[in-house]
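Student: Please find one structure pasted underneath; my questions will follow.
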Amino acid sequence: MDEIQYAKGHKYLTLVYQIDLGLTRLLWVGKERTIESFQGFFTLIGDELASNILFVCSDMWQPYLKVIRQKCSQALHILDRFHIVAKMNEALDDVRAGESRRMYRDGYEPVLKNSRWLLLKRKQNLTGKQRFKLSDVLRYNLKTVRAYLLKEAFQQLWDYNSPAWAARFLDDWCRQTMRSRIEPMKKIARSLRKHRELILNYFRAQKLFSSGVVEGLNNKAKVTMRKSYGFRTFRVLELALYHSLGKLPEPKITHDFF
């Protein structure tokens with residue numbers, strides 16, 4: 001499950017997708033991202049079907065976590081890798097923005113100017129010019145540089161296959177980060193510790209389930225909303241999304257067209 005913004009003023013939709021191997025589709029659309037809204041999905045499918053759910057993938061949004069614990073506690077609940085990385089990038093960008101402002105205010109050389117995407121993009125996606133600029137930034141003893149190195153080191157977590165080795169790495173990374181005195185990164189470490197078992201479920205599920213594919217579906221949902229230049233009612237928006245992403249059964253036709 002995931003959410004997307006559908007209107008100004010922090011108005012969100014809760015979307016539930018099926019992401020089985022060979023089949024990805026929209027199952028349900030809920031208005032807002034609240035406990036009451038998400039419970040509507042389980043009311044729709046009923047307790048018997050909910051009890052047969054084996055895997056659930058979500059982000060760290062507390063209403064999602066609470067309802068999943070209540071309604072399908074037997075399922076292996078996996079925290080989505082995509083959102084964990086996104087939160088890590090947000091923390092790094094907070095460090096960069098704050099340090100850049102301080103350096104400008106104190107009259108230091110603006111070495112962090114135009115460095116945002118250098119630090120957030122994957123190394124393999126950087127151009128030659130960007131790699132040169134990044135190597136220049138990394139020469140400085142800055143909080144931003146230390147936060148970047150912590151972020152890059154964390155990516156090694158996803159290379160593990162064993163839950164036990166992944167747990168050892170995660171614990172070591174969190175300890176190191178808590179000693180860094182970089183508050184946005186320490187906040188991430190505290191959050192990872194709090195959700196430790198849900199993160200390790202990714203490895204217990206043999207790394208087969210991740211809602212990264214959902215980002216593509218979310219983009220299709222946003223395109224559907226943009227094509228209409230806005231829907232006047234939630235019901236019309238809901239129907240449009242089902243037709244676009246639900247892979248609804250198509251009626252048989254009486255003629256073949258060539």
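In the structure tokens, chains take letters A, B, ... by order of appearance, with residues numbered from 1 within each chain and ligands from 1 in the order shown.
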For stretch 161-177 of chain A, list every protein, DNA or RNA residue within 9 Å, evaluated using only C-alpha atoms, and leave out those in the same chain fewer than 5 positions away; present the list as JSON, numbers by chain.
Tutor: {"A": [147, 150, 153, 154, 156, 182, 185, 186, 188, 189, 190, 192, 193, 196, 197, 200, 201, 202, 203, 204, 206, 207]}
Student: From the DSSP assignment of the backbone, select every residue of stretch 24-230 of chain A that is alpha helix (DSSP H), and format the answer as a PDB file with C-alpha atoms, in the first residue's frame.
Tutor:
```pdb
ATOM      1  CA  ILE A  35      -6.673   4.520   9.957  1.00  0.00           C
ATOM      2  CA  GLU A  36     -10.387   4.735   9.152  1.00  0.00           C
ATOM      3  CA  SER A  37      -9.702   5.003   5.444  1.00  0.00           C
ATOM      4  CA  PHE A  38      -7.318   2.050   5.306  1.00  0.00           C
ATOM      5  CA  GLN A  39      -9.655  -0.107   7.393  1.00  0.00           C
ATOM      6  CA  GLY A  40     -12.157   0.273   4.545  1.00  0.00           C
ATOM      7  CA  PHE A  41     -10.000  -2.045   2.414  1.00  0.00           C
ATOM      8  CA  PHE A  42     -10.162  -4.837   4.990  1.00  0.00           C
ATOM      9  CA  THR A  43     -13.889  -4.278   5.434  1.00  0.00           C
ATOM     10  CA  LEU A  44     -14.249  -4.791   1.696  1.00  0.00           C
ATOM     11  CA  ILE A  45     -12.264  -8.040   1.474  1.00  0.00           C
ATOM     12  CA  GLY A  46     -13.477  -9.491   4.791  1.00  0.00           C
ATOM     13  CA  ASP A  47     -11.624 -11.262   7.603  1.00  0.00           C
ATOM     14  CA  GLU A  48     -11.377 -14.625   5.815  1.00  0.00           C
ATOM     15  CA  LEU A  49      -9.552 -13.245   2.789  1.00  0.00           C
ATOM     16  CA  ALA A  50      -7.417 -10.975   4.978  1.00  0.00           C
ATOM     17  CA  GLN A  62       1.985   4.739  11.375  1.00  0.00           C
ATOM     18  CA  PRO A  63      -1.700   4.289  10.378  1.00  0.00           C
ATOM     19  CA  TYR A  64      -0.609   1.632   7.860  1.00  0.00           C
ATOM     20  CA  LEU A  65       1.516  -0.185  10.432  1.00  0.00           C
ATOM     21  CA  LYS A  66      -1.261  -0.184  13.036  1.00  0.00           C
ATOM     22  CA  VAL A  67      -4.008  -1.477  10.724  1.00  0.00           C
ATOM     23  CA  ILE A  68      -1.756  -4.185   9.265  1.00  0.00           C
ATOM     24  CA  ARG A  69      -0.945  -5.429  12.778  1.00  0.00           C
ATOM     25  CA  GLN A  70      -4.649  -5.599  13.579  1.00  0.00           C
ATOM     26  CA  LYS A  71      -6.053  -7.037  10.359  1.00  0.00           C
ATOM     27  CA  ARG A  81      13.222  -0.461   0.510  1.00  0.00           C
ATOM     28  CA  PHE A  82      12.348   2.438  -1.818  1.00  0.00           C
ATOM     29  CA  HIS A  83      10.907   4.558   0.999  1.00  0.00           C
ATOM     30  CA  ILE A  84      13.804   3.808   3.355  1.00  0.00           C
ATOM     31  CA  VAL A  85      16.272   5.080   0.751  1.00  0.00           C
ATOM     32  CA  ALA A  86      14.048   8.120   0.109  1.00  0.00           C
ATOM     33  CA  LYS A  87      14.036   8.984   3.828  1.00  0.00           C
ATOM     34  CA  MET A  88      17.819   8.619   3.897  1.00  0.00           C
ATOM     35  CA  ASN A  89      18.126  11.064   0.999  1.00  0.00           C
ATOM     36  CA  GLU A  90      15.811  13.539   2.729  1.00  0.00           C
ATOM     37  CA  ALA A  91      18.015  13.440   5.838  1.00  0.00           C
ATOM     38  CA  LEU A  92      21.160  14.002   3.772  1.00  0.00           C
ATOM     39  CA  ASP A  93      19.542  16.919   1.962  1.00  0.00           C
ATOM     40  CA  ASP A  94      18.545  18.496   5.293  1.00  0.00           C
ATOM     41  CA  VAL A  95      22.181  18.321   6.417  1.00  0.00           C
ATOM     42  CA  ARG A  96      23.422  19.817   3.122  1.00  0.00           C
ATOM     43  CA  ALA A  97      20.891  22.668   3.089  1.00  0.00           C
ATOM     44  CA  GLY A  98      21.553  23.629   6.712  1.00  0.00           C
ATOM     45  CA  GLU A  99      25.339  23.543   6.344  1.00  0.00           C
ATOM     46  CA  SER A 100      25.229  25.452   3.061  1.00  0.00           C
ATOM     47  CA  ARG A 101      23.231  28.248   4.728  1.00  0.00           C
ATOM     48  CA  ARG A 102      25.669  28.414   7.636  1.00  0.00           C
ATOM     49  CA  MET A 103      28.692  28.598   5.324  1.00  0.00           C
ATOM     50  CA  TYR A 104      27.084  31.410   3.323  1.00  0.00           C
ATOM     51  CA  ARG A 105      26.178  33.303   6.504  1.00  0.00           C
ATOM     52  CA  ASP A 106      29.702  32.979   7.939  1.00  0.00           C
ATOM     53  CA  ARG A 116      22.395  18.680  -4.197  1.00  0.00           C
ATOM     54  CA  TRP A 117      22.013  16.184  -7.030  1.00  0.00           C
ATOM     55  CA  LEU A 118      25.675  15.197  -6.855  1.00  0.00           C
ATOM     56  CA  LEU A 119      24.999  13.856  -3.371  1.00  0.00           C
ATOM     57  CA  LEU A 120      21.573  12.331  -4.006  1.00  0.00           C
ATOM     58  CA  GLY A 128      31.966  12.796 -15.810  1.00  0.00           C
ATOM     59  CA  LYS A 129      31.706  16.466 -14.853  1.00  0.00           C
ATOM     60  CA  GLN A 130      29.505  15.633 -11.870  1.00  0.00           C
ATOM     61  CA  ARG A 131      31.930  12.975 -10.644  1.00  0.00           C
ATOM     62  CA  PHE A 132      34.763  15.481 -10.765  1.00  0.00           C
ATOM     63  CA  LYS A 133      32.697  18.002  -8.807  1.00  0.00           C
ATOM     64  CA  LEU A 134      31.694  15.343  -6.252  1.00  0.00           C
ATOM     65  CA  SER A 135      35.296  14.266  -5.688  1.00  0.00           C
ATOM     66  CA  ASP A 136      36.152  17.926  -5.064  1.00  0.00           C
ATOM     67  CA  VAL A 137      33.369  18.287  -2.469  1.00  0.00           C
ATOM     68  CA  LYS A 143      28.983  17.310   8.103  1.00  0.00           C
ATOM     69  CA  THR A 144      27.445  16.935   4.655  1.00  0.00           C
ATOM     70  CA  VAL A 145      30.360  14.802   3.508  1.00  0.00           C
ATOM     71  CA  ARG A 146      30.137  12.589   6.605  1.00  0.00           C
ATOM     72  CA  ALA A 147      26.377  12.224   6.111  1.00  0.00           C
ATOM     73  CA  TYR A 148      26.941  11.327   2.446  1.00  0.00           C
ATOM     74  CA  LEU A 149      29.468   8.623   3.395  1.00  0.00           C
ATOM     75  CA  LEU A 150      27.010   7.189   5.923  1.00  0.00           C
ATOM     76  CA  LYS A 151      24.286   7.162   3.272  1.00  0.00           C
ATOM     77  CA  GLU A 152      26.540   5.440   0.759  1.00  0.00           C
ATOM     78  CA  ALA A 153      27.698   2.879   3.329  1.00  0.00           C
ATOM     79  CA  PHE A 154      24.078   2.025   4.143  1.00  0.00           C
ATOM     80  CA  PRO A 163      18.780 -11.970   7.548  1.00  0.00           C
ATOM     81  CA  ALA A 164      21.373 -12.587  10.287  1.00  0.00           C
ATOM     82  CA  TRP A 165      24.194 -10.846   8.418  1.00  0.00           C
ATOM     83  CA  ALA A 166      21.848  -8.044   7.340  1.00  0.00           C
ATOM     84  CA  ALA A 167      20.859  -7.556  10.996  1.00  0.00           C
ATOM     85  CA  ARG A 168      24.501  -7.375  12.077  1.00  0.00           C
ATOM     86  CA  PHE A 169      25.277  -4.777   9.410  1.00  0.00           C
ATOM     87  CA  LEU A 170      22.166  -2.725  10.245  1.00  0.00           C
ATOM     88  CA  ASP A 171      23.013  -2.686  13.966  1.00  0.00           C
ATOM     89  CA  ASP A 172      26.620  -1.665  13.291  1.00  0.00           C
ATOM     90  CA  TRP A 173      25.517   1.114  10.923  1.00  0.00           C
ATOM     91  CA  CYS A 174      23.038   2.486  13.458  1.00  0.00           C
ATOM     92  CA  ARG A 175      25.670   2.495  16.223  1.00  0.00           C
ATOM     93  CA  GLN A 176      28.137   4.329  14.000  1.00  0.00           C
ATOM     94  CA  THR A 177      25.496   6.851  12.935  1.00  0.00           C
ATOM     95  CA  MET A 178      24.386   7.554  16.507  1.00  0.00           C
ATOM     96  CA  GLU A 183      21.021  14.943  14.029  1.00  0.00           C
ATOM     97  CA  PRO A 184      19.070  14.229  10.784  1.00  0.00           C
ATOM     98  CA  MET A 185      21.084  11.026  10.278  1.00  0.00           C
ATOM     99  CA  LYS A 186      20.679  10.073  13.946  1.00  0.00           C
ATOM    100  CA  LYS A 187      16.923  10.498  13.512  1.00  0.00           C
ATOM    101  CA  ILE A 188      17.039   8.018  10.615  1.00  0.00           C
ATOM    102  CA  ALA A 189      19.078   5.580  12.735  1.00  0.00           C
ATOM    103  CA  ARG A 190      16.523   5.769  15.561  1.00  0.00           C
ATOM    104  CA  SER A 191      13.708   5.104  13.089  1.00  0.00           C
ATOM    105  CA  LEU A 192      15.547   2.106  11.599  1.00  0.00           C
ATOM    106  CA  ARG A 193      16.124   0.669  15.056  1.00  0.00           C
ATOM    107  CA  LYS A 194      12.451   1.085  15.876  1.00  0.00           C
ATOM    108  CA  ARG A 196      14.330  -3.231  12.700  1.00  0.00           C
ATOM    109  CA  GLU A 197      12.318  -6.450  12.389  1.00  0.00           C
ATOM    110  CA  LEU A 198      10.125  -5.090   9.599  1.00  0.00           C
ATOM    111  CA  ILE A 199      13.234  -4.090   7.636  1.00  0.00           C
ATOM    112  CA  LEU A 200      14.771  -7.549   8.107  1.00  0.00           C
ATOM    113  CA  ASN A 201      11.565  -9.126   6.786  1.00  0.00           C
ATOM    114  CA  TYR A 202      12.754  -8.023   3.336  1.00  0.00           C
ATOM    115  CA  PHE A 203      15.559 -10.565   3.657  1.00  0.00           C
ATOM    116  CA  ARG A 204      13.346 -13.197   5.304  1.00  0.00           C
ATOM    117  CA  GLY A 212       9.506  -0.173  -5.923  1.00  0.00           C
ATOM    118  CA  VAL A 213       7.275  -1.240  -8.822  1.00  0.00           C
ATOM    119  CA  VAL A 214       4.496   0.735  -7.148  1.00  0.00           C
ATOM    120  CA  GLU A 215       6.268   3.996  -7.978  1.00  0.00           C
ATOM    121  CA  GLY A 216       5.653   3.253 -11.658  1.00  0.00           C
ATOM    122  CA  LEU A 217       1.991   2.552 -10.922  1.00  0.00           C
ATOM    123  CA  ASN A 218       1.755   5.764  -8.911  1.00  0.00           C
ATOM    124  CA  ASN A 219       3.126   7.698 -11.863  1.00  0.00           C
ATOM    125  CA  LYS A 220       0.425   6.186 -14.087  1.00  0.00           C
ATOM    126  CA  ALA A 221      -2.177   7.223 -11.514  1.00  0.00           C
ATOM    127  CA  LYS A 222      -0.848  10.794 -11.568  1.00  0.00           C
ATOM    128  CA  VAL A 223      -0.967  10.827 -15.369  1.00  0.00           C
ATOM    129  CA  THR A 224      -4.597   9.673 -15.211  1.00  0.00           C
ATOM    130  CA  MET A 225      -5.422  12.566 -12.892  1.00  0.00           C
ATOM    131  CA  ARG A 226      -3.586  15.120 -15.029  1.00  0.00           C
ATOM    132  CA  LYS A 227      -5.322  14.031 -18.224  1.00  0.00           C
TER     133      LYS A 227
END
```
Student: When distances are computed from only C-alpha atoms, which of A:His77, A:Arg181, A:Lys252, A:Arg122 shows the smallest separation from A:Phe55?
Tutor: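 For A:Phe55, the nearest of the candidates is A:His77.
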Student: Excluding A:Gln74 and any residue of its chain fewer than 3 positions from it, enumerate the residues within 8 Å of it, using only C-alpha atoms, and give them as number ranges by chain.
Tutor: A: 51, 53-54
Student: Mind dumping the selected residues with N, CA, C and O atoms as an mmCIF file, in the first residue's frame?
Tutor:
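Just written: part11.cif:
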```cif
data_model
loop_
_atom_site.group_PDB
_atom_site.id
_atom_site.type_symbol
_atom_site.label_atom_id
_atom_site.label_comp_id
_atom_site.auth_asym_id
_atom_site.auth_seq_id
_atom_site.Cartn_x
_atom_site.Cartn_y
_atom_site.Cartn_z
ATOM 1 N N SER A 51 -7.078 -13.028 6.245
ATOM 2 C CA SER A 51 -6.281 -14.021 6.964
ATOM 3 C C SER A 51 -5.412 -14.850 6.032
ATOM 4 O O SER A 51 -4.503 -15.554 6.489
ATOM 5 N N ILE A 53 -3.651 -13.474 3.507
ATOM 6 C CA ILE A 53 -2.568 -12.641 2.977
ATOM 7 C C ILE A 53 -1.245 -13.095 3.583
ATOM 8 O O ILE A 53 -1.122 -13.237 4.803
ATOM 9 N N LEU A 54 -0.269 -13.363 2.742
ATOM 10 C CA LEU A 54 1.019 -13.883 3.203
ATOM 11 C C LEU A 54 2.084 -12.793 3.334
ATOM 12 O O LEU A 54 2.949 -12.869 4.209
#
```
Student: Where in stretch 5-248 of chain A does DSSP assign strand (DSSP E), given as an NGL selection string?
Tutor: :A and (5-7 or 11-20 or 23-31 or 55-58 or 76-79)
Student: Taking into account only C-alpha atoms, which residue in the set A:Cys72, A:Leu138, A:Leu208, A:Val29 is nearest to A:Val111?
Tutor: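 For A:Val111, the nearest of the candidates is A:Leu138.
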Student: Between atom CA of A:Thr24 and atom CA of A:Asp80, measure the distance and give it in Å to one decimal.
Tutor: 16.1 Å
Student: When you count only C-alpha atoms, which of these residues is closest to A:Ile19: A:Leu79, A:Pro110, A:Met1, A:Ser115?
Tutor: A:Met1
Student: Expressed in Å to a single decimal, how great is the separation between atom CA of A:Gly22 and atom CA of A:Tyr6?
Tutor: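 If I compute the distance from atom CA of A:Gly22 to atom CA of A:Tyr6, I get 28.1 Å.
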Student: One number please: atom CA of A:Val16 to atom CA of A:Asp2, in Å, one decimal.
Tutor: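 Pair atom CA of A:Val16 / atom CA of A:Asp2 returns 6.6 Å.
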